[in-house]
>>> print(open('data_1.csv').read())   # CSV, C-alpha atoms
chain,number,residue,atom,x,y,z
A,1,MET,CA,24.3,0.9,-10.0
A,2,SER,CA,26.1,-1.4,-7.5
A,3,ASP,CA,25.4,1.1,-4.6
A,4,VAL,CA,21.7,1.6,-5.5
A,5,LEU,CA,19.1,0.2,-3.1
A,6,ILE,CA,15.5,0.0,-3.9
A,7,GLU,CA,12.4,-1.5,-2.2
A,8,CYS,CA,9.4,-3.3,-3.7
A,9,VAL,CA,6.1,-3.5,-1.8
A,10,PRO,CA,3.8,-5.9,-3.5
A,11,ASN,CA,0.3,-6.3,-2.0
A,12,ILE,CA,-1.2,-9.7,-2.6
A,13,SER,CA,-4.9,-10.6,-2.4
A,14,GLU,CA,-4.6,-13.2,0.3
A,15,GLY,CA,-4.6,-12.4,4.0
A,16,LYS,CA,-6.0,-15.6,5.6
A,17,ASP,CA,-4.3,-18.7,4.3
A,18,LEU,CA,-0.8,-18.7,5.9
A,19,LYS,CA,0.4,-21.6,3.8
A,20,VAL,CA,-0.3,-19.7,0.6
A,21,ILE,CA,1.2,-16.5,2.0
A,22,ASP,CA,4.4,-18.3,3.1
A,23,ALA,CA,4.8,-20.0,-0.2
A,24,ILE,CA,4.5,-16.7,-2.1
A,25,VAL,CA,6.9,-15.0,0.3
A,26,ASP,CA,9.4,-17.8,0.0
A,27,SER,CA,9.4,-17.5,-3.8
A,28,ALA,CA,10.8,-13.9,-3.3
A,29,ARG,CA,13.1,-14.9,-0.5
A,30,SER,CA,14.8,-17.5,-2.6
A,31,VAL,CA,16.5,-14.8,-4.7
A,32,ASP,CA,20.1,-14.1,-3.5
A,33,GLY,CA,20.4,-10.5,-2.5
A,34,ALA,CA,16.7,-9.8,-2.1
A,35,PHE,CA,15.8,-9.2,1.5
A,36,VAL,CA,12.2,-9.8,2.7
A,37,LEU,CA,11.9,-7.1,5.4
A,38,GLY,CA,8.2,-7.5,6.2
A,39,CYS,CA,5.1,-9.7,5.6
A,40,GLU,CA,1.9,-8.4,7.1
A,41,PRO,CA,-1.3,-10.4,6.5
A,42,ASP,CA,-4.7,-8.8,7.3
A,43,SER,CA,-7.7,-11.2,7.4
A,44,ASP,CA,-10.3,-8.4,7.3
A,45,TYR,CA,-8.8,-6.9,4.2
A,46,ASN,CA,-7.8,-10.4,3.0
A,47,ARG,CA,-4.6,-8.8,1.8
A,48,THR,CA,-0.9,-9.1,2.7
A,49,VAL,CA,1.7,-6.4,2.4
A,50,ILE,CA,5.2,-7.7,1.6
A,51,THR,CA,8.3,-5.6,1.7
A,52,ILE,CA,11.4,-6.6,-0.3
A,53,ALA,CA,14.7,-4.6,-0.5
A,54,GLY,CA,18.1,-4.9,-2.1
A,55,LYS,CA,19.9,-4.1,-5.3
A,56,PRO,CA,17.6,-3.6,-8.3
A,57,LYS,CA,18.4,-6.8,-10.2
A,58,ALA,CA,17.7,-9.0,-7.2
A,59,VAL,CA,14.5,-7.1,-6.2
A,60,ILE,CA,13.1,-7.3,-9.8
A,61,GLN,CA,13.7,-11.1,-9.9
A,62,ALA,CA,12.0,-11.5,-6.4
A,63,ALA,CA,9.0,-9.4,-7.6
A,64,TYR,CA,8.7,-11.6,-10.7
A,65,ASN,CA,8.9,-14.8,-8.7
A,66,LEU,CA,6.2,-13.5,-6.3
A,67,ILE,CA,3.8,-12.5,-9.1
A,68,ILE,CA,4.2,-15.9,-10.8
A,69,LYS,CA,3.7,-17.8,-7.5
A,70,SER,CA,0.6,-15.7,-6.7
A,71,SER,CA,-0.8,-16.5,-10.1
A,72,GLU,CA,-0.5,-20.2,-9.3
A,73,LEU,CA,-1.9,-20.0,-5.7
A,74,ILE,CA,-4.6,-17.2,-5.7
A,75,ASP,CA,-7.9,-17.4,-7.6
A,76,MET,CA,-9.6,-14.0,-7.7
A,77,ARG,CA,-12.9,-15.6,-8.5
A,78,LYS,CA,-13.0,-16.8,-4.8
A,79,HIS,CA,-11.6,-13.6,-3.2
A,80,SER,CA,-13.5,-11.1,-1.0
A,81,GLY,CA,-12.2,-8.5,1.4
A,82,ASN,CA,-12.6,-4.9,2.6
A,83,HIS,CA,-9.8,-3.4,0.6
A,84,PRO,CA,-10.1,-2.3,-3.1
A,85,ARG,CA,-8.2,-4.7,-5.4
A,86,MET,CA,-8.0,-5.8,-9.0
A,87,GLY,CA,-5.7,-8.8,-9.0
A,88,ALA,CA,-3.9,-11.6,-7.1
A,89,VAL,CA,-1.1,-9.2,-6.8
A,90,ASP,CA,-3.0,-5.9,-6.7
A,91,VAL,CA,0.0,-3.4,-6.7
A,92,CYS,CA,3.7,-3.9,-7.1
A,93,PRO,CA,5.5,-0.6,-6.6
A,94,PHE,CA,9.2,0.0,-6.6
A,95,VAL,CA,10.4,2.6,-4.1
A,96,PRO,CA,13.8,4.4,-4.0
A,97,LEU,CA,15.9,3.8,-0.8
A,98,SER,CA,19.1,5.5,-1.9
A,99,GLU,CA,19.6,9.0,-3.3
A,100,HIS,CA,18.7,9.6,-6.9
A,101,SER,CA,17.3,6.0,-7.3
A,102,MET,CA,13.8,6.9,-8.6
A,103,ASP,CA,15.1,6.4,-12.2
A,104,TYR,CA,16.1,2.9,-11.3
A,105,CYS,CA,12.7,2.2,-9.9
A,106,VAL,CA,11.0,3.3,-13.2
A,107,GLN,CA,13.5,1.1,-15.0
A,108,ALA,CA,12.8,-1.8,-12.6
A,109,SER,CA,9.1,-1.6,-13.5
A,110,ARG,CA,9.9,-1.8,-17.2
A,111,GLU,CA,12.2,-4.8,-16.6
A,112,LEU,CA,9.6,-6.6,-14.6
A,113,SER,CA,7.1,-6.0,-17.4
A,114,ASN,CA,9.6,-7.5,-19.9
A,115,LEU,CA,9.9,-10.6,-17.7
A,116,LEU,CA,6.1,-11.0,-17.4
A,117,GLY,CA,5.5,-10.3,-21.1
A,118,ASP,CA,1.8,-10.5,-21.9
A,119,ASN,CA,1.1,-13.5,-19.7
A,120,ILE,CA,-0.2,-11.3,-16.8
A,121,PRO,CA,-2.2,-8.2,-17.5
A,122,HIS,CA,-0.5,-5.2,-16.0
A,123,PHE,CA,-0.7,-1.4,-15.8
A,124,PHE,CA,2.1,1.1,-15.2
A,125,TYR,CA,1.3,3.7,-12.5
A,126,GLY,CA,2.9,6.4,-10.5
A,127,GLU,CA,6.2,7.7,-11.8
A,128,ALA,CA,6.2,4.7,-14.3
A,129,ALA,CA,2.9,5.7,-15.8
A,130,THR,CA,2.7,6.0,-19.6
A,131,LYS,CA,0.2,8.9,-19.4
A,132,GLU,CA,-0.7,11.5,-16.8
A,133,LYS,CA,-4.1,10.1,-16.2
A,134,ARG,CA,-2.7,6.7,-15.5
A,135,LYS,CA,-0.5,7.8,-12.6
A,136,SER,CA,-3.4,7.4,-10.1
A,137,LEU,CA,-3.9,3.9,-8.8
A,138,SER,CA,-7.5,4.6,-7.9
A,139,SER,CA,-8.2,5.5,-11.5
A,140,LEU,CA,-6.8,2.3,-12.8
A,141,ARG,CA,-8.4,0.1,-10.1
A,142,LYS,CA,-12.0,1.5,-10.5
A,143,LEU,CA,-14.6,-1.2,-10.5
A,144,GLU,CA,-11.9,-3.6,-9.2
A,145,TYR,CA,-11.4,-7.2,-10.3
A,146,GLU,CA,-15.1,-7.7,-10.9
A,147,GLY,CA,-15.2,-5.0,-13.6
A,148,LEU,CA,-12.1,-6.1,-15.6
A,149,GLU,CA,-13.7,-8.6,-18.0
A,150,SER,CA,-16.3,-6.2,-19.3
A,151,ARG,CA,-13.8,-3.3,-19.2
A,152,PHE,CA,-11.2,-5.2,-21.3
A,153,ASN,CA,-13.8,-6.4,-23.7
A,154,GLY,CA,-14.9,-2.9,-24.6
A,155,ASP,CA,-18.0,-2.2,-22.5
A,156,GLU,CA,-18.8,1.2,-21.2
A,157,TRP,CA,-15.9,2.9,-19.4
A,158,SER,CA,-15.6,6.5,-18.2
A,159,ASP,CA,-12.1,7.3,-19.7
A,160,GLU,CA,-10.5,5.5,-22.6
A,161,GLU,CA,-7.1,6.6,-21.5
A,162,THR,CA,-7.3,4.4,-18.4
A,163,ARG,CA,-9.3,1.5,-19.8
A,164,MET,CA,-6.7,-1.0,-21.0
A,165,PRO,CA,-3.6,-2.4,-19.4
A,166,ASP,CA,-0.2,-1.6,-20.8
A,167,SER,CA,0.4,-5.2,-21.5
A,168,TRP,CA,-1.8,-8.3,-21.8
A,169,SER,CA,-2.7,-11.1,-24.2
A,170,GLY,CA,-5.8,-9.5,-25.6
A,171,ASN,CA,-7.9,-12.4,-24.6
A,172,TRP,CA,-9.8,-12.8,-21.3
A,173,GLY,CA,-8.8,-16.4,-20.7
A,174,GLU,CA,-8.2,-18.7,-17.7
A,175,THR,CA,-5.1,-16.8,-16.5
A,176,GLU,CA,-7.0,-13.5,-16.5
A,177,LYS,CA,-9.9,-15.0,-14.7
A,178,ARG,CA,-7.7,-16.4,-12.0
A,179,PHE,CA,-5.3,-13.5,-11.6
A,180,GLY,CA,-7.0,-10.3,-12.7
A,181,ALA,CA,-4.5,-7.5,-13.3
A,182,VAL,CA,-1.6,-5.9,-11.4
A,183,ALA,CA,-0.5,-2.3,-11.2
A,184,ILE,CA,3.3,-2.1,-11.5
A,185,GLY,CA,4.9,1.3,-10.7
A,186,ALA,CA,7.4,3.5,-9.1
A,187,ARG,CA,6.7,5.9,-6.3
A,188,SER,CA,8.3,7.6,-3.3
A,189,VAL,CA,8.1,6.1,0.1
A,190,LEU,CA,4.4,5.7,1.1
A,191,VAL,CA,3.4,5.0,4.6
A,192,ALA,CA,0.3,2.8,5.0
A,193,TYR,CA,-1.1,4.0,8.3
A,194,ASN,CA,-4.4,3.2,10.0
A,195,VAL,CA,-6.0,4.9,13.0
A,196,ASN,CA,-8.1,2.6,15.1
A,197,VAL,CA,-11.5,3.9,16.1
A,198,ASP,CA,-13.5,2.4,19.0
A,199,GLU,CA,-16.7,1.6,17.1
A,200,ILE,CA,-17.9,-1.5,15.2
A,201,ASP,CA,-20.0,0.0,12.4
A,202,ALA,CA,-17.4,2.5,11.0
A,203,ARG,CA,-19.8,5.4,10.9
A,204,ALA,CA,-17.5,8.0,12.5
A,205,SER,CA,-14.5,6.4,10.7
A,206,LYS,CA,-16.1,6.9,7.3
A,207,ILE,CA,-16.9,10.5,8.2
A,208,ALA,CA,-13.3,11.1,9.2
A,209,GLY,CA,-11.9,9.3,6.2
A,210,SER,CA,-13.9,11.5,3.8
A,211,MET,CA,-12.9,14.7,5.7
A,212,ILE,CA,-9.2,14.1,6.0
A,213,ARG,CA,-8.3,12.6,2.5
A,214,THR,CA,-7.0,15.1,0.0
A,215,SER,CA,-9.8,14.4,-2.5
A,216,GLY,CA,-12.4,15.3,0.1
A,217,ARG,CA,-16.1,14.8,-0.5
A,218,LEU,CA,-18.1,14.7,-3.8
A,219,MET,CA,-21.4,16.6,-3.4
A,220,LYS,CA,-24.2,15.8,-5.8
A,221,ASN,CA,-27.6,17.3,-6.7
A,222,GLY,CA,-29.1,15.4,-9.6
A,223,LYS,CA,-26.6,15.7,-12.5
A,224,LYS,CA,-24.8,18.6,-10.8
A,225,LYS,CA,-21.8,18.0,-8.6
A,226,PHE,CA,-18.8,19.6,-7.0
A,227,ARG,CA,-16.0,18.5,-4.7
A,228,ILE,CA,-15.1,19.8,-1.3
A,229,PRO,CA,-11.3,19.4,-0.7
A,230,GLY,CA,-10.1,17.4,2.3
A,231,MET,CA,-8.1,18.6,5.3
A,232,LEU,CA,-4.8,17.0,4.6
A,233,LYS,CA,-2.4,17.0,1.7
A,234,HIS,CA,-1.1,13.8,0.0
A,235,VAL,CA,-3.5,11.5,1.8
A,236,GLN,CA,-5.8,8.8,0.6
A,237,GLY,CA,-8.2,7.6,3.2
A,238,MET,CA,-11.4,5.7,4.0
A,239,GLY,CA,-13.2,4.4,7.0
A,240,VAL,CA,-13.7,0.6,7.2
A,241,PRO,CA,-14.9,-1.9,9.9
A,242,LEU,CA,-12.4,-4.3,11.4
A,243,PRO,CA,-14.8,-7.1,12.6
A,244,THR,CA,-12.1,-9.5,14.0
A,245,SER,CA,-11.0,-6.8,16.4
A,246,SER,CA,-14.5,-5.3,17.1
A,247,ILE,CA,-13.3,-1.9,16.0
A,248,SER,CA,-13.1,0.2,12.9
A,249,GLN,CA,-10.2,2.0,11.2
A,250,VAL,CA,-9.5,5.1,9.1
A,251,SER,CA,-7.2,3.4,6.6
A,252,MET,CA,-4.8,5.8,5.0
A,253,ASN,CA,-1.9,6.1,2.5
A,254,LEU,CA,0.4,8.9,3.6
A,255,GLN,CA,2.0,9.7,0.2
A,256,ASN,CA,4.4,12.3,1.5
A,257,VAL,CA,5.1,12.0,5.3
A,258,SER,CA,7.4,15.1,5.1
A,259,VAL,CA,4.2,17.1,4.4
A,260,THR,CA,1.5,15.1,6.3
A,261,SER,CA,3.1,13.3,9.1
A,262,MET,CA,1.7,10.3,11.0
A,263,HIS,CA,1.0,12.4,14.1
A,264,MET,CA,-0.8,15.0,12.0
A,265,ALA,CA,-3.1,12.3,10.5
A,266,PHE,CA,-3.6,10.7,13.9
A,267,GLU,CA,-4.6,14.0,15.6
A,268,ALA,CA,-6.9,14.9,12.7
A,269,VAL,CA,-8.8,11.6,12.9
A,270,LYS,CA,-8.9,11.8,16.7
A,271,SER,CA,-10.4,15.3,16.6
A,272,ILE,CA,-13.1,14.3,14.1
A,273,VAL,CA,-14.2,11.1,15.8
A,274,ASN,CA,-14.1,12.7,19.2
A,275,ASP,CA,-16.6,15.3,17.9
A,276,HIS,CA,-18.9,12.4,17.3
A,277,GLY,CA,-18.5,11.0,20.8
A,278,ILE,CA,-16.1,8.2,19.7
A,279,ASN,CA,-12.6,7.6,20.9
A,280,THR,CA,-9.5,6.4,19.0
A,281,CYS,CA,-7.7,3.3,20.3
A,282,GLY,CA,-4.2,3.5,19.0
A,283,SER,CA,-3.1,3.0,15.4
A,284,GLU,CA,-1.3,0.6,13.1
A,285,LEU,CA,1.5,0.7,10.5
A,286,VAL,CA,1.2,-1.7,7.6
A,287,GLY,CA,4.5,-2.4,6.0
A,288,LEU,CA,7.6,-0.5,6.9
A,289,VAL,CA,8.2,3.2,7.8
A,290,PRO,CA,11.2,5.5,7.2
A,291,LEU,CA,13.2,6.3,10.3
A,292,SER,CA,12.8,10.0,9.6
A,293,ALA,CA,9.0,9.7,9.9
A,294,MET,CA,9.2,8.0,13.3
A,295,ILE,CA,11.6,10.7,14.6
A,296,ASP,CA,9.4,13.5,13.3
A,297,THR,CA,6.4,12.0,15.1
A,298,GLY,CA,8.5,11.3,18.2
A,299,LYS,CA,9.3,15.0,18.5
A,300,TRP,CA,5.6,15.8,18.6
A,301,PHE,CA,4.9,13.4,21.5
A,302,ASN,CA,8.2,13.7,23.4
A,303,ASP,CA,8.3,16.4,26.2
A,304,ASN,CA,11.9,17.2,25.7
A,305,PRO,CA,12.6,16.4,22.0
A,306,ASP,CA,15.8,18.6,21.7
A,307,ASN,CA,17.6,16.4,24.2
A,308,ALA,CA,16.1,13.1,23.3
A,309,THR,CA,18.1,10.3,21.7
A,310,GLU,CA,17.0,8.7,18.4
A,311,LYS,CA,15.7,5.6,20.3
A,312,GLU,CA,13.8,7.8,22.8
A,313,LEU,CA,12.1,9.6,20.0
A,314,VAL,CA,11.1,6.3,18.3
A,315,ASP,CA,9.8,5.1,21.6
A,316,SER,CA,7.7,8.3,22.0
A,317,ALA,CA,6.2,7.8,18.6
A,318,ILE,CA,5.3,4.2,19.3
A,319,LYS,CA,3.6,5.2,22.6
A,320,GLY,CA,2.0,8.4,21.3
A,321,LEU,CA,0.4,6.7,18.3
A,322,GLY,CA,-0.5,3.6,20.2
A,323,LEU,CA,1.2,1.3,17.6
A,324,ASP,CA,1.1,-1.6,20.0
A,325,TYR,CA,-2.7,-1.7,20.3
A,326,LEU,CA,-3.5,-4.5,17.9
A,327,LYS,CA,-0.1,-6.3,18.0
A,328,PRO,CA,3.4,-5.7,19.3
A,329,PHE,CA,5.3,-3.2,17.3
A,330,ASP,CA,9.0,-4.0,16.8
A,331,PRO,CA,11.0,-1.0,15.5
A,332,GLN,CA,13.9,-3.3,14.5
A,333,ILE,CA,11.8,-5.0,11.9
A,334,SER,CA,9.3,-2.1,11.1
A,335,ILE,CA,11.7,0.8,10.4
A,336,ILE,CA,13.2,0.5,6.9
A,337,GLU,CA,16.8,1.5,7.7
A,338,TRP,CA,17.0,-0.7,10.9
A,339,ALA,CA,15.4,-3.7,9.2
A,340,LEU,CA,17.6,-3.6,6.2
A,341,ASN,CA,20.7,-3.1,8.3
A,342,LYS,CA,19.7,-6.1,10.4
A,343,GLU,CA,19.1,-8.3,7.3
A,344,VAL,CA,22.4,-7.3,5.7
A,345,ASN,CA,24.4,-8.0,8.9
A,346,ASN,CA,22.7,-11.4,9.3
A,347,ASN,CA,23.7,-12.4,5.8
A,348,GLU,CA,27.3,-11.3,5.9
>>> encode(input="data_1.csv", output="structure tokens")
Amino acid sequence: MSDVLIECVPNISEGKDLKVIDAIVDSARSVDGAFVLGCEPDSDYNRTVITIAGKPKAVIQAAYNLIIKSSELIDMRKHSGNHPRMGAVDVCPFVPLSEHSMDYCVQASRELSNLLGDNIPHFFYGEAATKEKRKSLSSLRKLEYEGLESRFNGDEWSDEETRMPDSWSGNWGETEKRFGAVAIGARSVLVAYNVNVDEIDARASKIAGSMIRTSGRLMKNGKKKFRIPGMLKHVQGMGVPLPTSSISQVSMNLQNVSVTSMHMAFEAVKSIVNDHGINTCGSELVGLVPLSAMIDTGKWFNDNPDNATEKELVDSAIKGLGLDYLKPFDPQISIIEWALNKEVNNNE
């Protein structure tokens, strides 16, 4: 257990008020042995992705502090943004960083639940899910925050197995109204990756999102329907406008970058929007990325990958994907292994 390292990547429903964001992040940073590797606010999504790493006990306590502070500072009744969400902390996944640590991540989700008790409504998802149908975040988050009160109070719901949280007070009171609910889970490393598209209205971006995502497109004719599978495996995706930058994005979760790499997703989106007379303009990583994923993509863009150094391959990935388009990309703080090593060294 002493050698096990895990990561926690809570997404909070605040991406504009930096004082609120800083206070929430500081609550996690206050835990000895919990290293905050990243904090990435997005004003259009009104959402911030926070990355915490360390040994399980410290990371669990940091996640608990963050959820409690978020419940104090974020009121979901006032929240709006372009990203699906159901709570002040929308998702709180634990992610294995060392070999054979997935079991510790499932255990971490249970221990965090025990700390929260029934004060904050929460679901288990991913590898921590209590039933197969509850593994999918999209199934649990359907109708988002606005649908929770009627859902919890027994109104019409499509699937009883996904209706209720795994823990809550049983009463839709002031805490629930302010916070909503959070999905706590365990999953493998997920890369949140967005391809920038040079359009304002997201028309081509929405087409690309529906074509590349694994679930594909749902076709309807009255009550009849069928689904056309998407192009890429282990990908969630959607097209959204990004008004503050006067562009749009195909926003994706790459759930297994060893199967669908960043460059594969980038080239797929580029090809589709190009067919509609639209260009891409770089891309964006939200949160941290494994070194292996950057090297894999660097090999695609580098002209002499067999003789390139690790740094050269990383530089090729940054340039090829255009990761500097919206803001500077610093591999020392955006690559998991490099960021964690830097934090550990700074605290020795």
>>> residues_around(input="data_1.csv", residues="segment 197-203 of chain A", least_positions_apart="3", cutoff="9 Å", atoms="only C-alpha atoms", output="VMD selection string")
chain A and resid 206 to 208 239 to 243 245 to 250 269 to 270 273 278 to 283
>>> write_last_selection(input="data_1.csv", atoms="C-alpha atoms", output="CSV table (one decimal), in the coordinates of the input")
chain,number,residue,atom,x,y,z
A,206,LYS,CA,-16.1,6.9,7.3
A,207,ILE,CA,-16.9,10.5,8.2
A,208,ALA,CA,-13.3,11.1,9.2
A,239,GLY,CA,-13.2,4.4,7.0
A,240,VAL,CA,-13.7,0.6,7.2
A,241,PRO,CA,-14.9,-1.9,9.9
A,242,LEU,CA,-12.4,-4.3,11.4
A,243,PRO,CA,-14.8,-7.1,12.6
A,245,SER,CA,-11.0,-6.8,16.4
A,246,SER,CA,-14.5,-5.3,17.1
A,247,ILE,CA,-13.3,-1.9,16.0
A,248,SER,CA,-13.1,0.2,12.9
A,249,GLN,CA,-10.2,2.0,11.2
A,250,VAL,CA,-9.5,5.1,9.1
A,269,VAL,CA,-8.8,11.6,12.9
A,270,LYS,CA,-8.9,11.8,16.7
A,273,VAL,CA,-14.2,11.1,15.8
A,278,ILE,CA,-16.1,8.2,19.7
A,279,ASN,CA,-12.6,7.6,20.9
A,280,THR,CA,-9.5,6.4,19.0
A,281,CYS,CA,-7.7,3.3,20.3
A,282,GLY,CA,-4.2,3.5,19.0
A,283,SER,CA,-3.1,3.0,15.4
>>> residues_around(input="data_1.csv", residues="segment 308-320 of chain A", least_positions_apart="5", cutoff="6 Å", atoms="all atoms listed in the file", output="MDAnalysis selection string")
chainID A and resid 294:295 297:298 301:302
>>> residues_near_point(input="data_1.csv", point="(-13.8, 9.9, 2.9)", cutoff="10 Å", atoms="all atoms listed in the file", output="list in words")
Ser205, Lys206, Ile207, Ala208, Gly209, Ser210, Met211, Ile212, Arg213, Thr214, Ser215, Gly216, Arg217, Leu218, Gly230, Gln236, Gly237, Met238, Gly239, Val250 and Ser251 of chain A
>>> residues_around(input="data_1.csv", residues="Ser139 of chain A", least_positions_apart="6", cutoff="12 Å", atoms="all atoms listed in the file", output="PDB file with C-alpha atoms, in the frame of the given file")
ATOM      1  CA  PRO A  84     -10.100  -2.300  -3.100  1.00  0.00           C
ATOM      2  CA  ARG A  85      -8.200  -4.700  -5.400  1.00  0.00           C
ATOM      3  CA  MET A  86      -8.000  -5.800  -9.000  1.00  0.00           C
ATOM      4  CA  PHE A 123      -0.700  -1.400 -15.800  1.00  0.00           C
ATOM      5  CA  PHE A 124       2.100   1.100 -15.200  1.00  0.00           C
ATOM      6  CA  TYR A 125       1.300   3.700 -12.500  1.00  0.00           C
ATOM      7  CA  GLY A 126       2.900   6.400 -10.500  1.00  0.00           C
ATOM      8  CA  ALA A 129       2.900   5.700 -15.800  1.00  0.00           C
ATOM      9  CA  GLU A 132      -0.700  11.500 -16.800  1.00  0.00           C
ATOM     10  CA  LYS A 133      -4.100  10.100 -16.200  1.00  0.00           C
ATOM     11  CA  TRP A 157     -15.900   2.900 -19.400  1.00  0.00           C
ATOM     12  CA  SER A 158     -15.600   6.500 -18.200  1.00  0.00           C
ATOM     13  CA  ASP A 159     -12.100   7.300 -19.700  1.00  0.00           C
ATOM     14  CA  GLU A 160     -10.500   5.500 -22.600  1.00  0.00           C
ATOM     15  CA  GLU A 161      -7.100   6.600 -21.500  1.00  0.00           C
ATOM     16  CA  THR A 162      -7.300   4.400 -18.400  1.00  0.00           C
ATOM     17  CA  ARG A 163      -9.300   1.500 -19.800  1.00  0.00           C
ATOM     18  CA  MET A 164      -6.700  -1.000 -21.000  1.00  0.00           C
ATOM     19  CA  ALA A 183      -0.500  -2.300 -11.200  1.00  0.00           C
TER      20      ALA A 183
END
>>> atom_distance(input="data_1.csv", atom1="atom CA of Asp75 of chain A", atom2="atom CA of Gly180 of chain A")
8.8 Å
>>> closest_residue(input="data_1.csv", among="A:Asn119, A:Ser258, A:Ser136, A:Ser98", to="Lys55 of chain A", atoms="only C-alpha atoms")
A:Ser98
>>> closest_atom_pairs(input="data_1.csv", of="segment 67-124 of chain A", to="segment 140-150 of chain A", cutoff="12 Å", atoms="only C-alpha atoms", output="JSON lines")
{"residue": "A:Asp75", "atom": "CA", "partner": "A:Tyr145", "partner_atom": "CA", "distance": 11.1}
{"residue": "A:Met76", "atom": "CA", "partner": "A:Tyr145", "partner_atom": "CA", "distance": 7.5}
{"residue": "A:Arg77", "atom": "CA", "partner": "A:Glu146", "partner_atom": "CA", "distance": 8.5}
{"residue": "A:Lys78", "atom": "CA", "partner": "A:Glu146", "partner_atom": "CA", "distance": 11.2}
{"residue": "A:His79", "atom": "CA", "partner": "A:Tyr145", "partner_atom": "CA", "distance": 9.6}
{"residue": "A:Ser80", "atom": "CA", "partner": "A:Tyr145", "partner_atom": "CA", "distance": 10.3}
{"residue": "A:Gly81", "atom": "CA", "partner": "A:Glu144", "partner_atom": "CA", "distance": 11.7}
{"residue": "A:Asn82", "atom": "CA", "partner": "A:Glu144", "partner_atom": "CA", "distance": 11.9}
{"residue": "A:His83", "atom": "CA", "partner": "A:Glu144", "partner_atom": "CA", "distance": 10.0}
{"residue": "A:Pro84", "atom": "CA", "partner": "A:Glu144", "partner_atom": "CA", "distance": 6.5}
{"residue": "A:Arg85", "atom": "CA", "partner": "A:Glu144", "partner_atom": "CA", "distance": 5.4}
{"residue": "A:Met86", "atom": "CA", "partner": "A:Tyr145", "partner_atom": "CA", "distance": 3.9}
{"residue": "A:Gly87", "atom": "CA", "partner": "A:Tyr145", "partner_atom": "CA", "distance": 6.1}
{"residue": "A:Ala88", "atom": "CA", "partner": "A:Tyr145", "partner_atom": "CA", "distance": 9.3}
{"residue": "A:Val89", "atom": "CA", "partner": "A:Tyr145", "partner_atom": "CA", "distance": 11.1}
{"residue": "A:Asp90", "atom": "CA", "partner": "A:Arg141", "partner_atom": "CA", "distance": 8.8}
{"residue": "A:Val91", "atom": "CA", "partner": "A:Arg141", "partner_atom": "CA", "distance": 9.7}
{"residue": "A:Pro121", "atom": "CA", "partner": "A:Leu148", "partner_atom": "CA", "distance": 10.3}
{"residue": "A:His122", "atom": "CA", "partner": "A:Leu140", "partner_atom": "CA", "distance": 10.3}
{"residue": "A:Phe123", "atom": "CA", "partner": "A:Leu140", "partner_atom": "CA", "distance": 7.7}
{"residue": "A:Phe124", "atom": "CA", "partner": "A:Leu140", "partner_atom": "CA", "distance": 9.3}
>>> closest_atom_pairs(input="data_1.csv", of="segment 3-54 of chain A", to="segment 191-195 of chain A", cutoff="12 Å", atoms="all atoms listed in the file", output="CSV")
residue,atom,partner,partner_atom,distance
A:Val9,CA,A:Ala192,CA,10.9
A:Asn11,CA,A:Ala192,CA,11.5
A:Glu40,CA,A:Ala192,CA,11.5
A:Val49,CA,A:Ala192,CA,9.7
>>> closest_residue(input="data_1.csv", among="A:Asp22, A:Glu72, A:Asp17, A:Glu174", to="Asn46 of chain A", atoms="only C-alpha atoms")
A:Asp17
>>> atom_distance(input="data_1.csv", atom1="atom CA of Leu37 of chain A", atom2="atom CA of Lys135 of chain A")
26.5 Å
>>> atom_distance(input="data_1.csv", atom1="atom CA of Asp166 of chain A", atom2="atom CA of Val4 of chain A")
26.9 Å
>>> closest_residue(input="data_1.csv", among="A:Met102, A:Lys225, A:Trp338, A:Ala204", to="Ile272 of chain A", atoms="only C-alpha atoms")
A:Ala204
>>> closest_residue(input="data_1.csv", among="A:Ala186, A:Asn153, A:Glu343, A:Ala293", to="Val259 of chain A", atoms="only C-alpha atoms")
A:Ala293
>>> residues_around(input="data_1.csv", residues="Leu115 of chain A", least_positions_apart="6", cutoff="12 Å", atoms="all atoms listed in the file", output="ChimeraX atom specification")
/A:57,60-65,67-68,108-109,122,167
>>> write_last_selection(input="data_1.csv", atoms="C-alpha atoms", output="PDB file, keeping the file's coordinate frame")
ATOM      1  CA  LYS A  57      18.400  -6.800 -10.200  1.00  0.00           C
ATOM      2  CA  ILE A  60      13.100  -7.300  -9.800  1.00  0.00           C
ATOM      3  CA  GLN A  61      13.700 -11.100  -9.900  1.00  0.00           C
ATOM      4  CA  ALA A  62      12.000 -11.500  -6.400  1.00  0.00           C
ATOM      5  CA  ALA A  63       9.000  -9.400  -7.600  1.00  0.00           C
ATOM      6  CA  TYR A  64       8.700 -11.600 -10.700  1.00  0.00           C
ATOM      7  CA  ASN A  65       8.900 -14.800  -8.700  1.00  0.00           C
ATOM      8  CA  ILE A  67       3.800 -12.500  -9.100  1.00  0.00           C
ATOM      9  CA  ILE A  68       4.200 -15.900 -10.800  1.00  0.00           C
ATOM     10  CA  ALA A 108      12.800  -1.800 -12.600  1.00  0.00           C
ATOM     11  CA  SER A 109       9.100  -1.600 -13.500  1.00  0.00           C
ATOM     12  CA  HIS A 122      -0.500  -5.200 -16.000  1.00  0.00           C
ATOM     13  CA  SER A 167       0.400  -5.200 -21.500  1.00  0.00           C
TER      14      SER A 167
END
>>> residues_around(input="data_1.csv", residues="Phe329 of chain A", least_positions_apart="3", cutoff="9 Å", atoms="all atoms listed in the file", output="ChimeraX atom specification")
/A:284-285,318,323-326,333-334
>>> closest_residue(input="data_1.csv", among="A:Ser169, A:Asn114, A:Asn347, A:Thr51", to="Pro10 of chain A", atoms="only C-alpha atoms")
A:Thr51
